[in-house]
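> Please find input01.cif (mmCIF, C-alpha atoms) on the next line:
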```cif
data_input
#
loop_
_atom_site.label_atom_id
_atom_site.label_comp_id
_atom_site.auth_asym_id
_atom_site.auth_seq_id
_atom_site.Cartn_x
_atom_site.Cartn_y
_atom_site.Cartn_z
CA MET M 1 67.60 117.09 53.19
CA PHE M 2 68.16 118.26 56.79
CA VAL M 3 68.62 114.66 57.98
CA MET M 4 71.00 113.98 55.06
CA ILE M 5 73.12 117.00 55.98
CA LEU M 6 73.28 115.85 59.61
CA LEU M 7 74.36 112.36 58.53
CA LEU M 8 77.01 113.77 56.20
CA SER M 9 78.23 116.14 58.90
CA GLY M 10 78.64 113.25 61.30
CA SER M 11 80.42 111.02 58.79
CA LEU M 12 82.86 113.76 57.81
CA SER M 13 83.89 114.69 61.35
CA ALA M 14 87.64 114.27 61.73
CA ALA M 15 89.31 112.86 64.83
CA VAL M 16 90.42 115.81 66.97
CA PRO M 17 92.97 115.42 69.81
CA ASP M 18 91.70 116.45 73.25
CA GLU M 19 94.54 118.98 73.56
CA LEU M 20 93.48 120.65 70.30
CA ARG M 21 89.88 120.91 71.52
CA ARG M 22 91.09 122.55 74.71
CA TYR M 23 93.22 125.05 72.77
CA HIS M 24 90.25 125.83 70.53
CA GLU M 25 88.06 126.55 73.55
CA LEU M 26 90.72 128.92 74.90
CA ALA M 27 91.08 130.57 71.49
CA MET M 28 87.31 131.20 71.36
CA LYS M 29 87.62 133.25 74.55
CA GLN M 30 90.72 135.04 73.24
CA SER M 31 89.70 135.73 69.62
CA GLU M 32 89.01 139.37 68.79
CA THR M 33 87.89 138.35 65.28
CA LEU M 34 85.12 136.13 66.64
CA GLU M 35 84.01 138.80 69.11
CA MET M 36 83.91 141.41 66.33
CA ALA M 37 81.69 139.09 64.27
CA LYS M 38 79.36 138.68 67.26
CA SER M 39 79.33 142.45 67.74
CA ARG M 40 78.33 142.96 64.09
CA MET M 41 75.51 140.46 64.60
CA LYS M 42 74.23 142.43 67.60
CA GLN M 43 74.45 145.64 65.58
CA ALA M 44 72.34 144.00 62.86
CA GLU M 45 69.76 142.98 65.45
CA GLU M 46 69.57 146.59 66.64
CA ARG M 47 69.14 147.83 63.05
CA GLU M 48 66.29 145.36 62.64
CA ASP M 49 64.59 146.80 65.73
CA GLN M 50 65.12 150.31 64.40
CA ALA M 51 63.59 149.43 61.02
CA LEU M 52 60.59 147.88 62.74
CA GLY M 53 60.28 151.00 64.88
CA THR M 54 59.73 153.17 61.79
CA LEU M 55 56.42 151.34 61.23
CA PHE M 56 55.17 152.06 64.77
CA PRO M 57 53.47 155.28 65.88
CA ASN M 58 55.49 158.20 67.25
CA ILE M 59 54.16 160.12 70.25
CA ASN M 60 55.80 163.41 71.18
CA ALA M 61 55.05 166.19 73.64
CA ARG M 62 55.77 169.72 72.37
CA TYR M 63 55.59 173.17 73.87
CA ASN M 64 56.02 176.38 71.87
CA TYR M 65 56.30 179.90 73.22
CA THR M 66 56.79 183.01 71.07
CA GLU M 67 56.84 186.74 71.83
CA ILE M 68 56.39 189.27 69.06
CA ASP M 69 56.88 192.99 68.65
CA PRO M 70 53.46 194.56 69.42
CA PRO M 71 51.80 195.41 66.09
CA PRO M 72 50.04 198.75 65.59
CA ALA M 73 46.71 197.01 64.95
CA PRO M 74 44.12 196.78 67.71
CA ARG M 75 44.59 194.02 70.22
CA SER M 76 42.98 190.69 69.23
CA ALA M 77 43.63 186.93 69.33
CA PHE M 78 45.86 187.37 66.27
CA THR M 79 47.93 190.26 67.60
CA ARG M 80 48.71 189.33 71.20
CA ILE M 81 52.41 189.67 71.92
CA ASN M 82 52.83 186.15 73.40
CA GLN M 83 51.76 183.03 71.57
CA TYR M 84 52.12 179.60 73.14
CA SER M 85 50.85 176.06 72.88
CA GLY M 86 51.39 172.77 74.67
CA LEU M 87 50.35 169.57 72.95
CA ILE M 88 50.81 165.83 72.56
CA ASN M 89 51.30 164.72 68.96
CA LEU M 90 50.61 161.26 67.54
CA ASN M 91 51.99 160.29 64.12
CA GLN M 92 51.19 156.89 62.65
CA PRO M 93 52.73 155.91 59.29
CA LEU M 94 49.96 154.30 57.24
CA PHE M 95 51.96 153.60 54.11
CA ARG M 96 55.68 153.93 53.53
CA GLY M 97 56.78 152.34 50.27
CA ALA M 98 60.39 151.95 51.36
CA GLY M 99 59.64 150.97 54.96
CA TYR M 100 58.72 147.34 54.37
CA PRO M 101 61.66 146.47 52.05
CA ALA M 102 63.97 148.15 54.57
CA PHE M 103 62.59 146.00 57.38
CA LYS M 104 62.96 142.81 55.28
CA PHE M 105 66.51 143.90 54.45
CA THR M 106 67.47 144.25 58.11
CA LYS M 107 65.96 140.84 58.98
CA LYS M 108 68.06 139.22 56.26
CA ASP M 109 71.09 141.20 57.38
CA THR M 110 70.70 139.71 60.86
CA GLU M 111 70.66 136.22 59.35
CA LEU M 112 73.68 137.15 57.25
CA GLN M 113 75.65 138.22 60.33
CA LYS M 114 74.73 134.97 62.11
CA ARG M 115 76.18 133.03 59.19
CA LEU M 116 79.32 135.15 59.33
CA VAL M 117 79.68 134.38 63.05
CA GLU M 118 79.52 130.67 62.17
CA GLN M 119 82.12 131.17 59.46
CA ALA M 120 84.36 133.08 61.87
CA GLY M 121 84.10 130.06 64.18
CA LEU M 122 85.22 127.75 61.36
CA GLY M 123 88.01 130.16 60.51
CA LEU M 124 89.19 130.09 64.11
CA TRP M 125 89.17 126.30 64.00
CA GLN M 126 91.37 126.46 60.90
CA GLU M 127 93.81 128.87 62.56
CA VAL M 128 94.12 126.85 65.76
CA ALA M 129 94.39 123.54 63.91
CA LEU M 130 97.13 124.81 61.60
CA ALA M 131 99.09 126.27 64.52
CA TYR M 132 98.66 123.10 66.58
CA TYR M 133 99.65 120.62 63.88
CA THR M 134 102.52 122.83 62.71
CA GLY M 135 103.80 122.96 66.29
CA TRP M 136 103.27 119.23 66.71
CA SER M 137 105.21 118.51 63.52
CA ALA M 138 108.02 120.90 64.52
CA ARG M 139 108.31 119.43 68.03
CA ASN M 140 108.25 115.87 66.66
CA ASP M 141 110.87 116.80 64.07
CA LEU M 142 113.07 118.21 66.81
CA ALA M 143 112.80 114.91 68.69
CA ASN M 144 113.90 112.98 65.59
CA VAL M 145 116.84 115.31 64.96
CA SER M 146 117.82 114.92 68.62
CA MET M 147 117.73 111.14 68.11
CA LEU M 148 120.02 111.57 65.11
CA ARG M 149 122.39 113.60 67.28
CA LYS M 150 122.40 110.90 69.95
CA TYR M 151 123.30 108.21 67.42
CA SER M 152 125.88 110.49 65.78
CA ASP M 153 127.46 111.22 69.14
CA GLU M 154 127.63 107.49 69.82
CA ARG M 155 129.44 107.05 66.49
CA VAL M 156 131.97 109.73 67.41
CA SER M 157 132.65 108.18 70.83
CA ASP M 158 133.01 104.71 69.32
CA LEU M 159 135.34 105.93 66.55
CA LYS M 160 137.53 107.83 68.99
CA GLU M 161 138.16 104.60 70.84
CA ARG M 162 138.73 102.69 67.62
CA VAL M 163 141.19 105.34 66.35
CA ARG M 164 143.01 105.20 69.70
CA VAL M 165 143.57 101.46 69.41
CA GLY M 166 144.30 101.65 65.67
CA ARG M 167 141.18 99.86 64.42
CA SER M 168 139.83 102.85 62.44
CA ARG M 169 141.30 105.63 60.38
CA ARG M 170 141.37 109.27 61.47
CA GLY M 171 139.36 110.17 58.37
CA GLU M 172 136.42 108.10 59.57
CA LEU M 173 136.39 110.01 62.85
CA ASN M 174 136.47 113.31 60.93
CA GLN M 175 133.43 112.16 58.95
CA ALA M 176 131.50 111.37 62.13
CA GLU M 177 132.49 114.67 63.76
CA ALA M 178 131.40 116.60 60.65
CA GLN M 179 128.09 114.76 60.81
CA LEU M 180 127.69 115.72 64.47
CA LEU M 181 128.30 119.42 63.76
CA ALA M 182 125.79 119.35 60.89
CA VAL M 183 123.22 117.74 63.18
CA ASP M 184 123.78 120.45 65.81
CA ALA M 185 122.96 123.06 63.17
CA GLU M 186 119.85 121.10 62.22
CA ILE M 187 118.79 121.00 65.89
CA ALA M 188 119.09 124.79 66.08
CA ARG M 189 116.81 125.17 63.06
CA ALA M 190 114.29 122.63 64.38
CA SER M 191 114.25 124.35 67.78
CA GLN M 192 113.55 127.71 66.17
CA ALA M 193 110.70 126.23 64.11
CA ALA M 194 109.18 124.70 67.25
CA LEU M 195 109.42 127.99 69.17
CA ALA M 196 107.82 129.92 66.31
CA ALA M 197 104.93 127.44 66.19
CA GLU M 198 104.46 127.70 69.96
CA GLU M 199 104.35 131.49 69.71
CA ARG M 200 101.48 131.19 67.22
CA ILE M 201 99.59 128.89 69.60
CA ALA M 202 100.24 131.26 72.52
CA PHE M 203 98.93 134.18 70.44
CA LEU M 204 95.68 132.34 69.66
CA THR M 205 95.05 130.82 73.10
CA GLY M 206 96.71 133.27 75.49
CA LEU M 207 98.68 130.41 77.06
CA PRO M 208 102.29 131.37 77.86
CA GLN M 209 103.48 127.81 78.56
CA THR M 210 104.74 125.21 76.10
CA PRO M 211 101.81 123.44 74.37
CA VAL M 212 101.12 119.78 75.00
CA TYR M 213 100.86 117.57 71.90
CA SER M 214 99.31 114.17 71.41
CA THR M 215 101.26 110.99 70.81
CA LEU M 216 101.73 110.09 67.18
CA PRO M 217 98.50 108.39 66.01
CA GLN M 218 98.18 105.32 63.88
CA PRO M 219 97.78 106.61 60.32
CA ALA M 220 94.23 106.29 58.99
CA LEU M 221 94.64 105.26 55.37
CA SER M 222 91.13 106.11 54.24
CA THR M 223 89.40 109.19 52.87
CA SER M 224 85.64 109.61 52.46
CA PRO M 225 84.32 109.97 48.90
CA LEU M 226 84.71 113.41 47.36
CA GLU M 227 80.98 113.70 46.67
CA GLU M 228 80.23 113.62 50.40
CA TYR M 229 82.49 116.60 51.05
CA LEU M 230 81.10 118.54 48.07
CA GLN M 231 77.53 117.88 49.23
CA GLN M 232 78.35 119.05 52.76
CA ALA M 233 80.14 122.14 51.40
CA LYS M 234 76.84 123.43 49.98
CA SER M 235 75.82 124.20 53.56
CA ARG M 236 78.93 126.25 54.41
CA PRO M 237 78.03 129.36 56.41
CA ASP M 238 79.93 131.73 54.13
CA LEU M 239 78.14 130.33 51.06
CA LYS M 240 74.79 130.81 52.80
CA ALA M 241 75.88 134.33 53.73
CA SER M 242 76.75 135.08 50.12
CA SER M 243 73.35 133.74 49.01
CA GLN M 244 71.76 135.95 51.66
CA GLN M 245 73.51 138.98 50.16
CA VAL M 246 71.87 138.23 46.81
CA ALA M 247 68.45 138.15 48.51
CA MET M 248 69.25 141.39 50.33
CA ALA M 249 70.09 143.00 47.00
CA ASP M 250 66.49 142.33 45.89
CA ASP M 251 65.23 144.21 48.95
CA LEU M 252 67.53 147.14 48.13
CA ILE M 253 66.09 147.23 44.60
CA SER M 254 62.54 147.19 46.02
CA GLY M 255 63.48 149.94 48.47
CA SER M 256 64.84 152.11 45.66
CA LYS M 257 61.75 151.53 43.51
CA ALA M 258 59.60 152.49 46.48
CA GLY M 259 60.89 156.03 46.06
CA HIS M 260 58.23 156.36 43.31
CA LEU M 261 55.44 155.46 45.75
CA PRO M 262 53.45 157.90 47.92
CA SER M 263 53.67 158.02 51.70
CA VAL M 264 50.60 158.35 53.90
CA ASP M 265 50.70 159.40 57.57
CA PHE M 266 47.98 159.83 60.16
CA ASN M 267 48.49 162.81 62.50
CA SER M 268 46.67 163.76 65.66
CA ASN M 269 47.26 166.50 68.25
CA TYR M 270 45.83 166.91 71.72
CA TYR M 271 46.33 170.43 73.07
CA LEU M 272 46.94 170.95 76.75
CA GLU M 273 46.85 174.71 76.22
CA ARG M 274 47.18 177.19 73.40
CA THR M 275 46.42 180.74 72.42
CA GLY M 276 44.66 182.24 69.45
CA VAL M 277 41.24 181.77 67.93
CA LEU M 278 41.48 178.00 68.45
CA GLN M 279 42.28 178.18 72.13
CA ASP M 280 39.01 176.48 73.00
CA SER M 281 39.67 173.56 70.60
CA SER M 282 41.40 170.63 72.37
CA TRP M 283 42.29 168.31 69.48
CA ASP M 284 42.66 167.85 65.74
CA ILE M 285 43.31 164.91 63.41
CA GLY M 286 44.42 164.66 59.80
CA VAL M 287 46.00 162.59 57.05
CA ALA M 288 49.12 163.71 55.18
CA VAL M 289 49.77 162.30 51.70
CA ASN M 290 53.02 162.90 49.85
CA ILE M 291 53.11 161.88 46.17
CA PRO M 292 56.48 161.99 44.36
CA ILE M 293 56.07 163.51 40.92
CA TYR M 294 59.54 164.34 39.72
CA GLN M 295 62.95 163.98 41.40
CA GLY M 296 65.24 164.63 38.48
CA GLY M 297 65.85 160.95 37.72
CA VAL M 298 67.48 160.31 41.12
CA ILE M 299 65.19 157.40 42.02
CA GLN M 300 65.68 155.62 38.71
CA GLY M 301 69.43 156.08 39.04
CA GLN M 302 69.31 154.48 42.50
CA VAL M 303 67.34 151.55 41.07
CA ARG M 304 69.92 150.98 38.33
CA GLU M 305 72.72 151.19 40.89
CA GLN M 306 71.09 148.52 43.10
CA VAL M 307 70.52 146.27 40.07
CA GLU M 308 74.26 146.38 39.38
CA ARG M 309 75.01 145.69 43.04
CA LYS M 310 72.81 142.61 42.85
CA ARG M 311 74.72 141.48 39.77
CA GLU M 312 77.95 141.92 41.72
CA SER M 313 76.52 139.86 44.60
CA VAL M 314 75.48 137.07 42.22
CA LEU M 315 78.96 136.99 40.68
CA ALA M 316 80.56 136.92 44.15
CA TYR M 317 78.29 134.01 45.11
CA GLU M 318 79.16 132.03 41.98
CA ARG M 319 82.88 132.65 42.47
CA LEU M 320 82.77 131.63 46.12
CA LYS M 321 80.93 128.44 45.18
CA ARG M 322 83.64 127.57 42.65
CA GLU M 323 86.42 128.47 45.12
CA ILE M 324 84.93 126.20 47.78
CA GLU M 325 84.66 123.30 45.35
CA ARG M 326 88.25 123.93 44.23
CA ASP M 327 89.56 123.99 47.81
CA VAL M 328 87.69 120.82 48.74
CA ARG M 329 89.01 119.02 45.64
CA ILE M 330 92.59 120.10 46.34
CA LEU M 331 92.42 118.97 49.97
CA TRP M 332 90.73 115.72 48.99
CA ASN M 333 93.43 114.98 46.40
CA ASN M 334 96.10 115.84 48.98
CA SER M 335 94.48 113.46 51.43
CA ARG M 336 94.34 110.64 48.89
CA THR M 337 97.99 111.26 47.94
CA LEU M 338 99.01 111.18 51.60
CA ASP M 339 97.30 107.80 51.96
CA LYS M 340 99.86 106.36 49.56
CA VAL M 341 102.75 108.48 50.90
CA VAL M 342 102.18 107.27 54.46
CA SER M 343 101.82 103.65 53.35
CA ASP M 344 105.02 103.73 51.27
CA LEU M 345 107.04 105.60 53.90
CA ARG M 346 106.01 103.15 56.60
CA LYS M 347 107.43 100.27 54.55
CA SER M 348 110.52 102.32 53.71
CA LEU M 349 111.06 103.14 57.39
CA GLU M 350 110.99 99.47 58.35
CA LYS M 351 113.64 98.64 55.73
CA ALA M 352 115.78 101.71 56.59
CA LYS M 353 115.85 100.75 60.27
CA VAL M 354 116.80 97.15 59.51
CA THR M 355 119.52 98.33 57.10
CA TYR M 356 121.03 100.73 59.63
CA GLU M 357 121.10 98.14 62.40
CA ALA M 358 122.63 95.56 60.03
CA ASN M 359 125.34 97.99 58.84
CA LYS M 360 126.11 98.99 62.42
CA LYS M 361 126.63 95.33 63.28
CA ASP M 362 128.63 94.61 60.13
CA TYR M 363 130.91 97.57 60.84
CA SER M 364 132.04 95.93 64.06
CA TYR M 365 133.15 92.97 61.91
CA GLY M 366 134.87 95.20 59.36
CA LEU M 367 132.46 94.27 56.58
CA VAL M 368 131.36 97.85 55.82
CA THR M 369 132.91 101.31 56.22
CA ASN M 370 131.96 104.04 58.64
CA LEU M 371 130.62 106.03 55.69
CA ASP M 372 128.16 103.20 55.00
CA VAL M 373 126.97 103.35 58.61
CA LEU M 374 126.54 107.14 58.51
CA LEU M 375 124.66 106.99 55.22
CA THR M 376 122.22 104.39 56.47
CA LEU M 377 121.82 106.25 59.79
CA ASN M 378 120.94 109.45 57.95
CA GLN M 379 118.59 107.58 55.66
CA TYR M 380 116.87 105.90 58.61
CA ILE M 381 116.33 109.14 60.56
CA GLU M 382 115.33 111.11 57.43
CA THR M 383 112.79 108.45 56.51
CA LYS M 384 111.48 108.44 60.08
CA ARG M 385 111.10 112.24 59.95
CA ASN M 386 109.31 112.10 56.61
CA PHE M 387 107.00 109.31 57.74
CA GLU M 388 105.97 110.96 60.99
CA ASN M 389 105.56 114.38 59.34
CA ALA M 390 103.34 112.72 56.73
CA VAL M 391 101.23 111.11 59.48
CA ILE M 392 100.77 114.47 61.20
CA GLU M 393 100.07 116.17 57.87
CA LYS M 394 97.45 113.52 57.13
CA GLU M 395 95.74 114.33 60.44
CA LEU M 396 95.82 118.05 59.60
CA ILE M 397 94.47 117.51 56.07
CA ALA M 398 91.66 115.33 57.44
CA LEU M 399 90.61 118.17 59.74
CA GLN M 400 91.10 120.85 57.08
CA ILE M 401 88.91 119.07 54.54
CA THR M 402 86.20 118.69 57.19
CA LEU M 403 86.35 122.41 57.89
CA ALA M 404 86.50 123.25 54.16
CA ALA M 405 83.26 121.29 53.76
CA GLY M 406 81.71 123.48 56.46
CA ALA M 407 81.42 120.78 59.14
CA THR M 408 82.36 121.56 62.74
CA PRO M 409 84.76 118.96 64.22
#
```
Write out the structure in this file as structure tokens.

Amino acid sequence: MFVMILLLSGSLSAAVPDELRRYHELAMKQSETLEMAKSRMKQAEEREDQALGTLFPNINARYNYTEIDPPPAPRSAFTRINQYSGLINLNQPLFRGAGYPAFKFTKKDTELQKRLVEQAGLGLWQEVALAYYTGWSARNDLANVSMLRKYSDERVSDLKERVRVGRSRRGELNQAEAQLLAVDAEIARASQAALAAEERIAFLTGLPQTPVYSTLPQPALSTSPLEEYLQQAKSRPDLKASSQQVAMADDLISGSKAGHLPSVDFNSNYYLERTGVLQDSSWDIGVAVNIPIYQGGVIQGQVREQVERKRESVLAYERLKREIERDVRILWNNSRTLDKVVSDLRKSLEKAKVTYEANKKDYSYGLVTNLDVLLTLNQYIETKRNFENAVIEKELIALQITLAAGATP
């Protein structure tokens, strides 16, 4: 099973741009969420040590000194006005019903926190990837809108000359100028979207400068079978953590039931000095047994409470398992849909480009109107934007489905 999981993990790894890996490394150093998860793991390790410590002996040095009002009775060892003792005490728990379940609970809690650290790492990957690809898409979209502005500006310049020599109507120039103003507004929106995306990357990585994005990749029109992702998702850290919480609930039930059990302690004292009739005795040993007989139903109430908490943990585990499967299915379906979208848009882009260039040439011969040229220009650039955004979205979905399956890129 371990080898199978490793093979699945390797086969599901998505291609990750070098720039994205670098931003993720910076985000790991910057992330307060990841550091808080690591801190909680260290706290759990300390609680485990504390629980283990309750099973070890306790050694304490004590000194007592007391003065009393002189009694009227004759002086004796019992009536001296100052009583004192110095001793070293050893206490060794022999049986503590709740001690062992508590120690098992803390060990499982440490494992739980380790899983949550892993999940926080996957969550950070998701944050950085979404910010990176959103910024990449926004910056690429801005480049396409800028290309549209360049072509629109060329149309305006050409039409101005044609209107001057009487080869085109003034209305055609007005159309081109209206297009240019609309494109300027679109550039402003695209610029704002790019800046907002870069702010998100800067927040995650701590980098103040403009991010560097990869060149547009060749679209990979393939998606691994759904069953591979669902199998890998069974090893997600948060699902393991939820399963761990169910196991911890059993320890809490055992700990509550242990309230019905007796406790047995071994005690020993070595006296350095003391007063009274036992002043010549240097040591004593003993065993203390405490047997619970009646606590007003408190223990049984605690047991019932922990049983309900376990039920809650089981329900949370089952819901998380269904949510993970749902998310993986949605992302997988999105990925499969994008395979077709990218393929169709690539063909559409080729035809839109050819159509625009043909109309531009035909316009110089008077075979088509300026409106025809503008329409095909807009269609060409819009198709180019949609195609490239779909390619980038495909890359993002490929990484997201890998992360949703619990695999580290």
> Pick from M:Leu204, M:Ala407, M:Ala249, M:Val328: nearest to Glu227 (chain M), with all atoms listed in the file counted?
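Checking each of M:Leu204, M:Ala407, M:Ala249, M:Val328 against Glu227 (chain M), counting all atoms listed in the file, the winner is M:Val328.
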> Find the residue from M:Met147, M:Val246, M:Ala102, M:Val212 that sits nearest to Leu315 (chain M); use only C-alpha atoms when measuring.
M:Val246
> From the set M:Val117, M:Ser39, M:Asp141, M:Ile324, which residue has the shortest atom-to-atom contact distance to Gln231 (chain M), counting only C-alpha atoms?
M:Ile324
> I need the residue nearest Leu55 (chain M) from this list: M:Leu207, M:Ala196, M:Val264, M:Leu87. Use only C-alpha atoms for the distance.
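The answer is M:Val264, which sits nearest to Leu55 (chain M).
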> Between M:Ala138, M:Ala398, M:Gln179, M:Asn359, single out the one closest to Val156 (chain M), counting all atoms listed in the file.
M:Gln179
> Do you know which residues the PyMOL selection byres ((chain M and resi 265-277) around 6) returns on this file, as a PyMOL selection string?
chain M and resi 77+83-94+264+278-279+282-288
> Output C-alpha atoms for every residue in that selection, as an mmCIF file, keeping the file's coordinate frame.

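The file below, again_16.cif, is the result:
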```cif
data_model
loop_
_atom_site.group_PDB
_atom_site.id
_atom_site.type_symbol
_atom_site.label_atom_id
_atom_site.label_comp_id
_atom_site.auth_asym_id
_atom_site.auth_seq_id
_atom_site.Cartn_x
_atom_site.Cartn_y
_atom_site.Cartn_z
ATOM 1 C CA ALA M 77 43.630 186.930 69.330
ATOM 2 C CA GLN M 83 51.760 183.030 71.570
ATOM 3 C CA TYR M 84 52.120 179.600 73.140
ATOM 4 C CA SER M 85 50.850 176.060 72.880
ATOM 5 C CA GLY M 86 51.390 172.770 74.670
ATOM 6 C CA LEU M 87 50.350 169.570 72.950
ATOM 7 C CA ILE M 88 50.810 165.830 72.560
ATOM 8 C CA ASN M 89 51.300 164.720 68.960
ATOM 9 C CA LEU M 90 50.610 161.260 67.540
ATOM 10 C CA ASN M 91 51.990 160.290 64.120
ATOM 11 C CA GLN M 92 51.190 156.890 62.650
ATOM 12 C CA PRO M 93 52.730 155.910 59.290
ATOM 13 C CA LEU M 94 49.960 154.300 57.240
ATOM 14 C CA VAL M 264 50.600 158.350 53.900
ATOM 15 C CA LEU M 278 41.480 178.000 68.450
ATOM 16 C CA GLN M 279 42.280 178.180 72.130
ATOM 17 C CA SER M 282 41.400 170.630 72.370
ATOM 18 C CA TRP M 283 42.290 168.310 69.480
ATOM 19 C CA ASP M 284 42.660 167.850 65.740
ATOM 20 C CA ILE M 285 43.310 164.910 63.410
ATOM 21 C CA GLY M 286 44.420 164.660 59.800
ATOM 22 C CA VAL M 287 46.000 162.590 57.050
ATOM 23 C CA ALA M 288 49.120 163.710 55.180
#
```
> Apply the PyMOL selection byres ((chain M and resi 303) around 10) to the structure shown and report the selected residues as a short mmCIF file (atom, residue, chain, number, x, y, z; two decimals) with C-alpha atoms, in the frame of the given file.

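Written output follows (result12.cif):
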```cif
data_model
loop_
_atom_site.label_atom_id
_atom_site.label_comp_id
_atom_site.auth_asym_id
_atom_site.auth_seq_id
_atom_site.Cartn_x
_atom_site.Cartn_y
_atom_site.Cartn_z
CA LEU M 252 67.53 147.14 48.13
CA ILE M 253 66.09 147.23 44.60
CA SER M 254 62.54 147.19 46.02
CA GLY M 255 63.48 149.94 48.47
CA SER M 256 64.84 152.11 45.66
CA LYS M 257 61.75 151.53 43.51
CA ALA M 258 59.60 152.49 46.48
CA GLY M 259 60.89 156.03 46.06
CA VAL M 298 67.48 160.31 41.12
CA ILE M 299 65.19 157.40 42.02
CA GLN M 300 65.68 155.62 38.71
CA GLY M 301 69.43 156.08 39.04
CA GLN M 302 69.31 154.48 42.50
CA ARG M 304 69.92 150.98 38.33
CA GLU M 305 72.72 151.19 40.89
CA GLN M 306 71.09 148.52 43.10
CA VAL M 307 70.52 146.27 40.07
CA GLU M 308 74.26 146.38 39.38
CA ARG M 309 75.01 145.69 43.04
#
```
> Once the PyMOL selection byres ((chain M and resi 180) around 12) is applied to the coordinates I shared, what remains selected? I want it as number ranges by chain.
M: 145-157, 173-179, 181-187, 374, 378
> Skip Arg236 (chain M) itself and residues of its chain fewer than 5 positions away, then list as a list in words all residues within 10 Å of it, counting only C-alpha atoms.
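My reading of the contact set: Arg115, Glu118, Gln119, Leu122, Gln231, Ala241, Lys321, Ile324, Leu403, Ala404, Ala405, Gly406 and Ala407 of chain M.
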> With distances taken over all atoms listed in the file, which residue among M:Glu172, M:Asp109, M:Asp280, M:Glu48 lies nearest Ala247 (chain M)?
M:Asp109
> Between CA of Gln232 (chain M) and CA of Asn333 (chain M), what is the spacing in Å?
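Result for CA of Asn333 (chain M) versus CA of Gln232 (chain M): 16.9 Å, one decimal.
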> Can you work out the spacing between CA of Lys234 (chain M) and CA of Ile401 (chain M) in Å, to one decimal?
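Result for CA of Lys234 (chain M) versus CA of Ile401 (chain M): 13.6 Å, one decimal.
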> Just the number, please: distance in Å from CA of Pro17 (chain M) to CA of Tyr213 (chain M), one decimal.
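Answer for the CA of Pro17 (chain M) to CA of Tyr213 (chain M) separation: 8.4 Å.
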> Dig up all the protein and nucleic acid residues within 12 Å of (87.1, 116.7, 56.0) in the file frame, using all atoms listed in the file, and format them as a compact mmCIF listing (two decimals) with C-alpha atoms, in the coordinates of the input.

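Final output, saved to point31.txt:
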```txt
# COMPACT_ATOMS: atom_id res chain seq x y z
CA LEU M 8 77.01 113.77 56.20
CA SER M 9 78.23 116.14 58.90
CA GLY M 10 78.64 113.25 61.30
CA SER M 11 80.42 111.02 58.79
CA LEU M 12 82.86 113.76 57.81
CA SER M 13 83.89 114.69 61.35
CA ALA M 14 87.64 114.27 61.73
CA ALA M 15 89.31 112.86 64.83
CA VAL M 16 90.42 115.81 66.97
CA GLN M 126 91.37 126.46 60.90
CA SER M 222 91.13 106.11 54.24
CA THR M 223 89.40 109.19 52.87
CA SER M 224 85.64 109.61 52.46
CA PRO M 225 84.32 109.97 48.90
CA LEU M 226 84.71 113.41 47.36
CA GLU M 227 80.98 113.70 46.67
CA GLU M 228 80.23 113.62 50.40
CA TYR M 229 82.49 116.60 51.05
CA LEU M 230 81.10 118.54 48.07
CA GLN M 231 77.53 117.88 49.23
CA GLN M 232 78.35 119.05 52.76
CA ALA M 233 80.14 122.14 51.40
CA ASP M 327 89.56 123.99 47.81
CA VAL M 328 87.69 120.82 48.74
CA ARG M 329 89.01 119.02 45.64
CA ILE M 330 92.59 120.10 46.34
CA LEU M 331 92.42 118.97 49.97
CA TRP M 332 90.73 115.72 48.99
CA ASN M 333 93.43 114.98 46.40
CA ASN M 334 96.10 115.84 48.98
CA SER M 335 94.48 113.46 51.43
CA ARG M 336 94.34 110.64 48.89
CA LYS M 394 97.45 113.52 57.13
CA GLU M 395 95.74 114.33 60.44
CA LEU M 396 95.82 118.05 59.60
CA ILE M 397 94.47 117.51 56.07
CA ALA M 398 91.66 115.33 57.44
CA LEU M 399 90.61 118.17 59.74
CA GLN M 400 91.10 120.85 57.08
CA ILE M 401 88.91 119.07 54.54
CA THR M 402 86.20 118.69 57.19
CA LEU M 403 86.35 122.41 57.89
CA ALA M 404 86.50 123.25 54.16
CA ALA M 405 83.26 121.29 53.76
CA GLY M 406 81.71 123.48 56.46
CA ALA M 407 81.42 120.78 59.14
CA THR M 408 82.36 121.56 62.74
CA PRO M 409 84.76 118.96 64.22
```
